[in-house]
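J.: Sharing query.csv below, CSV, C-alpha atoms:
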chain,number,residue,atom,x,y,z
A,1406,MET,CA,0.0,0.0,0.0
A,1407,ARG,CA,2.8,2.4,0.9
A,1408,LYS,CA,4.5,1.7,-2.5
A,1409,LEU,CA,1.2,2.4,-4.2
A,1410,ILE,CA,0.8,5.8,-2.4
A,1411,LEU,CA,4.4,6.7,-3.1
A,1412,GLY,CA,4.1,5.9,-6.7
A,1413,THR,CA,0.9,8.0,-7.0
A,1414,LEU,CA,2.7,11.0,-5.4
A,1415,VAL,CA,5.6,10.6,-7.8
A,1416,VAL,CA,3.3,10.7,-10.8
A,1417,VAL,CA,1.4,13.8,-9.5
A,1418,MET,CA,4.6,15.7,-8.7
A,1419,SER,CA,6.1,14.8,-12.1
A,1420,GLY,CA,2.9,16.2,-13.7
A,1421,LEU,CA,3.2,19.4,-11.8
A,1422,ALA,CA,6.9,19.8,-12.7
A,1423,LEU,CA,6.1,19.3,-16.4
A,1424,ALA,CA,3.3,21.9,-16.2
A,1425,GLN,CA,5.7,24.4,-14.6
A,1426,VAL,CA,8.4,23.8,-17.3
A,1427,SER,CA,6.0,24.1,-20.2
A,1428,GLY,CA,4.2,27.1,-18.7
A,1429,GLN,CA,0.8,25.7,-19.8
A,1430,HIS,CA,-2.4,25.1,-18.0
A,1431,PRO,CA,-5.3,22.8,-19.0
A,1432,ASN,CA,-7.6,25.9,-19.1
A,1433,THR,CA,-5.3,28.1,-21.1
A,1434,SER,CA,-7.3,30.4,-23.4
A,1435,ALA,CA,-6.9,33.5,-25.5
A,1436,CYS,CA,-7.9,35.5,-22.4
A,1437,ASN,CA,-5.2,33.8,-20.3
A,1438,LEU,CA,-2.5,34.4,-23.0
A,1439,ALA,CA,-3.5,38.0,-23.4
A,1440,ALA,CA,-3.2,38.6,-19.6
A,1441,GLN,CA,0.3,37.1,-19.7
A,1442,ALA,CA,1.4,39.2,-22.7
A,1443,THR,CA,3.5,42.3,-21.8
A,1444,ASP,CA,3.7,45.3,-24.1
A,1445,PRO,CA,6.6,47.6,-23.1
A,1446,GLN,CA,6.1,51.3,-23.6
A,1447,PRO,CA,7.4,52.0,-27.2
A,1448,GLY,CA,10.8,53.5,-27.1
A,1449,PHE,CA,13.8,54.0,-29.4
A,1450,ASP,CA,15.4,50.7,-28.3
A,1451,GLU,CA,12.3,48.6,-29.2
A,1452,ARG,CA,12.7,47.0,-32.6
A,1453,THR,CA,9.4,45.3,-33.2
A,1454,PRO,CA,6.6,47.3,-31.5
A,1455,ARG,CA,3.0,46.0,-31.6
A,1456,TYR,CA,0.4,47.8,-33.7
A,1457,ARG,CA,-1.8,50.1,-31.7
A,1458,ILE,CA,-5.5,50.4,-32.7
A,1459,GLU,CA,-6.6,53.7,-34.1
A,1460,ALA,CA,-9.8,55.4,-35.2
A,1461,ASN,CA,-11.5,53.9,-38.2
A,1462,ASP,CA,-9.8,50.5,-37.7
A,1463,SER,CA,-12.1,47.5,-37.7
A,1464,PHE,CA,-11.7,44.1,-36.1
A,1465,ASP,CA,-13.5,40.8,-35.7
A,1466,LEU,CA,-14.4,39.4,-32.2
A,1467,SER,CA,-14.8,35.6,-32.0
A,1468,PHE,CA,-16.3,34.0,-28.9
A,1469,GLU,CA,-15.2,30.3,-28.8
A,1470,LEU,CA,-17.9,29.2,-26.5
A,1471,VAL,CA,-20.7,31.7,-27.3
A,1472,PRO,CA,-20.6,32.2,-31.1
A,1473,GLU,CA,-23.8,34.3,-31.0
A,1474,PHE,CA,-21.7,37.0,-29.5
A,1475,ASN,CA,-19.4,37.1,-32.5
A,1476,GLN,CA,-19.3,40.6,-34.1
A,1477,THR,CA,-17.3,43.0,-36.3
A,1478,VAL,CA,-16.8,46.5,-34.9
A,1479,THR,CA,-15.3,49.7,-36.2
A,1480,VAL,CA,-13.5,52.2,-34.0
A,1481,GLN,CA,-15.3,55.5,-33.9
A,1482,PRO,CA,-13.4,58.9,-34.4
A,1483,ASP,CA,-13.4,59.3,-30.6
A,1484,GLY,CA,-11.7,55.9,-30.1
A,1485,PHE,CA,-14.7,54.1,-28.8
A,1486,VAL,CA,-16.5,50.9,-30.0
A,1487,ASN,CA,-20.0,49.7,-29.2
A,1488,LEU,CA,-20.0,46.1,-28.0
A,1489,ARG,CA,-22.9,43.7,-27.8
A,1490,GLU,CA,-24.2,43.4,-24.3
A,1491,ILE,CA,-21.4,45.6,-23.0
A,1492,GLY,CA,-21.9,49.0,-24.6
A,1493,ASP,CA,-19.2,51.6,-25.2
A,1494,MET,CA,-15.5,50.8,-24.6
A,1495,HIS,CA,-12.5,53.0,-25.4
A,1496,VAL,CA,-10.0,50.9,-27.5
A,1497,ALA,CA,-7.9,53.4,-29.4
A,1498,GLY,CA,-4.2,53.1,-28.5
A,1499,LYS,CA,-4.4,49.5,-27.3
A,1500,THR,CA,-2.5,46.6,-28.8
A,1501,VAL,CA,-4.3,43.4,-29.7
A,1502,PRO,CA,-3.3,41.6,-26.4
A,1503,GLU,CA,-4.3,44.7,-24.4
A,1504,LEU,CA,-7.6,44.8,-26.1
A,1505,THR,CA,-8.2,41.1,-25.7
A,1506,ASN,CA,-7.4,41.4,-22.0
A,1507,ALA,CA,-9.8,44.3,-21.6
A,1508,LEU,CA,-12.6,42.4,-23.5
A,1509,CYS,CA,-12.1,39.4,-21.3
A,1510,SER,CA,-12.4,41.5,-18.2
A,1511,ALA,CA,-15.6,43.2,-19.5
A,1512,TYR,CA,-17.3,40.0,-20.7
A,1513,GLY,CA,-16.1,38.2,-17.6
A,1514,LYS,CA,-18.9,40.1,-15.7
A,1515,ILE,CA,-21.6,38.3,-17.7
A,1516,MET,CA,-19.8,35.1,-18.7
A,1517,ALA,CA,-18.2,32.4,-16.6
A,1518,THR,CA,-15.1,31.8,-18.7
A,1519,PRO,CA,-14.9,34.1,-21.7
A,1520,SER,CA,-12.6,33.0,-24.5
A,1521,ILE,CA,-12.2,35.8,-27.1
A,1522,THR,CA,-10.1,36.1,-30.2
A,1523,VAL,CA,-9.4,39.5,-31.8
A,1524,VAL,CA,-8.5,39.7,-35.4
A,1525,LEU,CA,-7.7,43.0,-37.1
A,1526,LYS,CA,-9.7,43.4,-40.3
A,1527,ASP,CA,-9.0,46.9,-41.6
A,1528,PHE,CA,-6.4,49.2,-40.3
A,1529,ASP,CA,-4.3,52.2,-41.2
A,1530,LYS,CA,-1.1,51.3,-43.2
A,1531,PRO,CA,2.1,52.0,-41.3
A,1532,TYR,CA,3.6,55.3,-42.2
A,1533,PHE,CA,6.2,57.9,-41.3
A,1534,VAL,CA,6.4,61.6,-41.8
A,1535,ALA,CA,9.4,63.6,-43.0
A,1536,GLY,CA,9.5,67.3,-42.6
A,1537,GLY,CA,11.9,70.3,-42.6
A,1538,GLN,CA,14.8,70.5,-45.0
A,1539,VAL,CA,14.2,67.4,-47.1
A,1540,GLY,CA,13.6,67.3,-50.8
A,1541,HIS,CA,10.0,66.2,-50.6
A,1542,PRO,CA,8.4,66.6,-47.2
A,1543,GLY,CA,5.3,64.5,-46.6
A,1544,LYS,CA,3.8,61.3,-45.4
A,1545,TYR,CA,5.3,58.0,-46.6
A,1546,VAL,CA,4.2,54.4,-46.3
A,1547,LEU,CA,6.5,52.4,-44.1
A,1548,ARG,CA,7.4,49.2,-45.8
A,1549,GLY,CA,9.5,46.7,-43.8
A,1550,ASP,CA,12.6,47.7,-41.9
A,1551,THR,CA,13.5,51.3,-42.7
A,1552,THR,CA,16.1,53.4,-41.0
A,1553,VAL,CA,16.4,57.2,-40.5
A,1554,THR,CA,18.9,57.6,-43.3
A,1555,GLU,CA,16.8,55.4,-45.7
A,1556,ALA,CA,13.7,57.4,-44.8
A,1557,ILE,CA,15.5,60.7,-45.6
A,1558,SER,CA,16.5,59.3,-49.0
A,1559,MET,CA,12.9,58.3,-49.6
A,1560,ALA,CA,11.9,61.9,-48.8
A,1561,GLY,CA,14.2,63.3,-51.5
A,1562,GLY,CA,17.4,63.5,-49.4
A,1563,PHE,CA,18.8,66.6,-47.7
A,1564,THR,CA,18.6,70.1,-49.1
A,1565,GLU,CA,21.4,72.6,-49.2
A,1566,LYS,CA,19.9,74.2,-46.1
A,1567,SER,CA,19.9,71.0,-44.0
A,1568,LYS,CA,21.6,70.6,-40.7
A,1569,HIS,CA,22.8,67.0,-41.0
A,1570,SER,CA,24.1,66.8,-37.5
A,1571,GLN,CA,20.9,67.5,-35.7
A,1572,VAL,CA,18.1,65.4,-37.3
A,1573,LEU,CA,15.2,65.1,-35.0
A,1574,LEU,CA,13.2,61.9,-34.6
A,1575,PHE,CA,9.9,62.1,-32.8
A,1576,ARG,CA,8.2,58.9,-31.5
A,1577,ARG,CA,4.8,58.8,-29.7
A,1578,VAL,CA,5.0,56.9,-26.5
A,1579,SER,CA,1.4,57.7,-25.4
A,1580,PRO,CA,-1.6,59.6,-26.7
A,1581,GLN,CA,-0.3,62.7,-24.8
A,1582,MET,CA,3.4,62.4,-25.1
A,1583,SER,CA,6.2,61.9,-27.7
A,1584,GLU,CA,9.8,61.1,-27.2
A,1585,ALA,CA,12.5,63.1,-29.1
A,1586,LYS,CA,16.0,62.0,-30.2
A,1587,VAL,CA,18.7,63.9,-31.9
A,1588,ILE,CA,20.6,61.9,-34.5
A,1589,ASP,CA,23.9,63.0,-36.0
A,1590,VAL,CA,23.5,61.7,-39.5
A,1591,LYS,CA,26.5,63.8,-40.7
A,1592,LYS,CA,28.8,61.9,-38.2
A,1593,MET,CA,27.4,58.5,-39.3
A,1594,LEU,CA,27.9,59.2,-43.0
A,1595,THR,CA,31.4,60.7,-42.5
A,1596,ALA,CA,32.5,57.7,-40.4
A,1597,LYS,CA,30.8,55.3,-42.8
A,1598,ASN,CA,29.3,53.6,-39.8
A,1599,LEU,CA,25.5,53.1,-39.7
A,1600,ASN,CA,25.4,51.0,-36.5
A,1601,GLU,CA,23.5,53.9,-34.8
A,1602,ASP,CA,21.1,54.3,-37.6
A,1603,VAL,CA,17.7,54.0,-35.8
A,1604,PHE,CA,14.9,51.9,-37.3
A,1605,LEU,CA,11.6,53.7,-37.7
A,1606,HIS,CA,8.3,52.7,-36.0
A,1607,PRO,CA,4.9,53.4,-37.5
A,1608,GLY,CA,3.9,57.0,-36.9
A,1609,ASP,CA,7.4,58.3,-36.4
A,1610,MET,CA,8.2,61.8,-37.6
A,1611,ILE,CA,11.6,62.9,-38.9
A,1612,TYR,CA,12.4,66.6,-38.9
A,1613,VAL,CA,15.5,68.0,-40.5
A,1614,PRO,CA,16.3,71.5,-39.2
A,1615,GLN,CA,17.8,74.4,-41.1
A,1616,ASN,CA,21.5,75.0,-40.7
A,1617,ARG,CA,22.7,78.2,-39.1
A,1618,ILE,CA,24.4,79.6,-42.3
A,1619,SER,CA,21.1,79.4,-44.3
A,1620,LYS,CA,19.3,81.4,-41.6
A,1621,ILE,CA,21.5,84.5,-42.2
A,1622,ALA,CA,19.7,87.3,-43.8
A,1623,ARG,CA,20.8,88.3,-47.2
A,1624,TYR,CA,21.7,91.8,-46.1
A,1625,LEU,CA,22.9,92.6,-42.6
A,1626,PRO,CA,25.2,95.3,-40.9
A,1627,THR,CA,28.9,94.5,-41.3
A,1628,PRO,CA,29.6,94.3,-37.5
A,1629,SER,CA,27.0,91.6,-37.2
A,1630,VAL,CA,29.1,89.3,-39.5
A,1631,ASN,CA,31.3,88.5,-36.5
A,1632,THR,CA,28.3,87.0,-34.8
A,1633,TYR,CA,28.1,84.3,-37.4
A,1634,VAL,CA,31.7,83.8,-38.6
A,1635,ASN,CA,34.7,83.2,-36.2
A,1636,PRO,CA,37.9,83.5,-38.2
A,1637,ALA,CA,39.6,81.3,-35.6
A,1638,GLN,CA,37.6,78.4,-36.9
A,1639,TYR,CA,39.2,78.4,-40.3
Translate this file's structure into structure tokens.
T.:
Amino acid sequence: MRKLILGTLVVVMSGLALAQVSGQHPNTSACNLAAQATDPQPGFDERTPRYRIEANDSFDLSFELVPEFNQTVTVQPDGFVNLREIGDMHVAGKTVPELTNALCSAYGKIMATPSITVVLKDFDKPYFVAGGQVGHPGKYVLRGDTTVTEAISMAGGFTEKSKHSQVLLFRRVSPQMSEAKVIDVKKMLTAKNLNEDVFLHPGDMIYVPQNRISKIARYLPTPSVNTYVNPAQY
């Protein structure tokens, strides 16, 4: 009898160990996986950020156990969607795992074990904006991995008034805040080293400022020339 009990305990403990190693649970669902997913705040060091839902995007909701709740919704201009049996929910700015987790929490109030899958159906194409002293300022589709220097080339390259050493990269980190970084493209190109060439994220904006020399008025008092030109530099 003792051998039988010991054998049973070994089997149970082995099963628990395997479950811990695999990280799986018999009741794992889309909701459980979404809750486990972590989405770090987008920054300049993050190479592969998740897409964040925007106004006018649409997505399908599939309920594994309650198919009559399946629905397709479109994000309104104010960032809200109207959900069956739940009502309005603000979803703009969320990633798919974040949205799935929010939906599971909301439907968990009326369902015992909601299992929901979110599939993006129609969404804005990734883009970046190039402004300032580039050949063709504007909004460009972001296709694949694109660096700052590549984006500048796509936007027509630098102009004769560009300040290559202080290219600004703006990246939105929240609906209310953007992160700014100064990139010395001149130094990278001169050294022929593009290791510090930053990869763009969807929605990034590049701004190339005007160099100091090009800001000088065409006519100015002779004494003022010393303000801009220091003979000791040459």
J.: Using only C-alpha atoms, which protein or nucleic acid residues come within 10 Å of Asp1602 (chain A)? Drop anything in the same chain fewer than 3 positions from it, and give the result as a PyMOL selection string.
T.: chain A and resi 1551-1555+1588-1590+1593-1594+1598-1599+1605
J.: With all atoms listed in the file as the counted atoms, please give the residues lying no more than 12 Å from Ala1511 (chain A), apart from itself and same-chain residues fewer than 3 positions off, as a VMD selection string.
T.: chain A and resid 1436 1488 to 1495 1504 to 1508 1514 to 1521
J.: List every protein, DNA or RNA residue with an atom no more than 12 Å from (-4.9, 48.8, -27.9) in the file's coordinates, counting all atoms listed in the file, and format the result as a PyMOL selection string.
T.: chain A and resi 1439+1444+1455-1460+1462+1464+1480+1484-1486+1494-1508+1523+1525+1579-1580
J.: From the options A:Asn1461, A:Asn1600, A:Asn1616, A:Thr1522, which residue's atoms come nearest to His1569 (chain A), counting only C-alpha atoms?
T.: A:Asn1616
J.: Can you pull out the residues contacting Gly1540 (chain A)? Cut-off 9 Å, using only C-alpha atoms, and skip same-chain residues under 5 positions away; I want them as JSON, numbers by chain.
T.: {"A": [1557, 1558, 1560, 1561, 1562, 1563, 1564]}
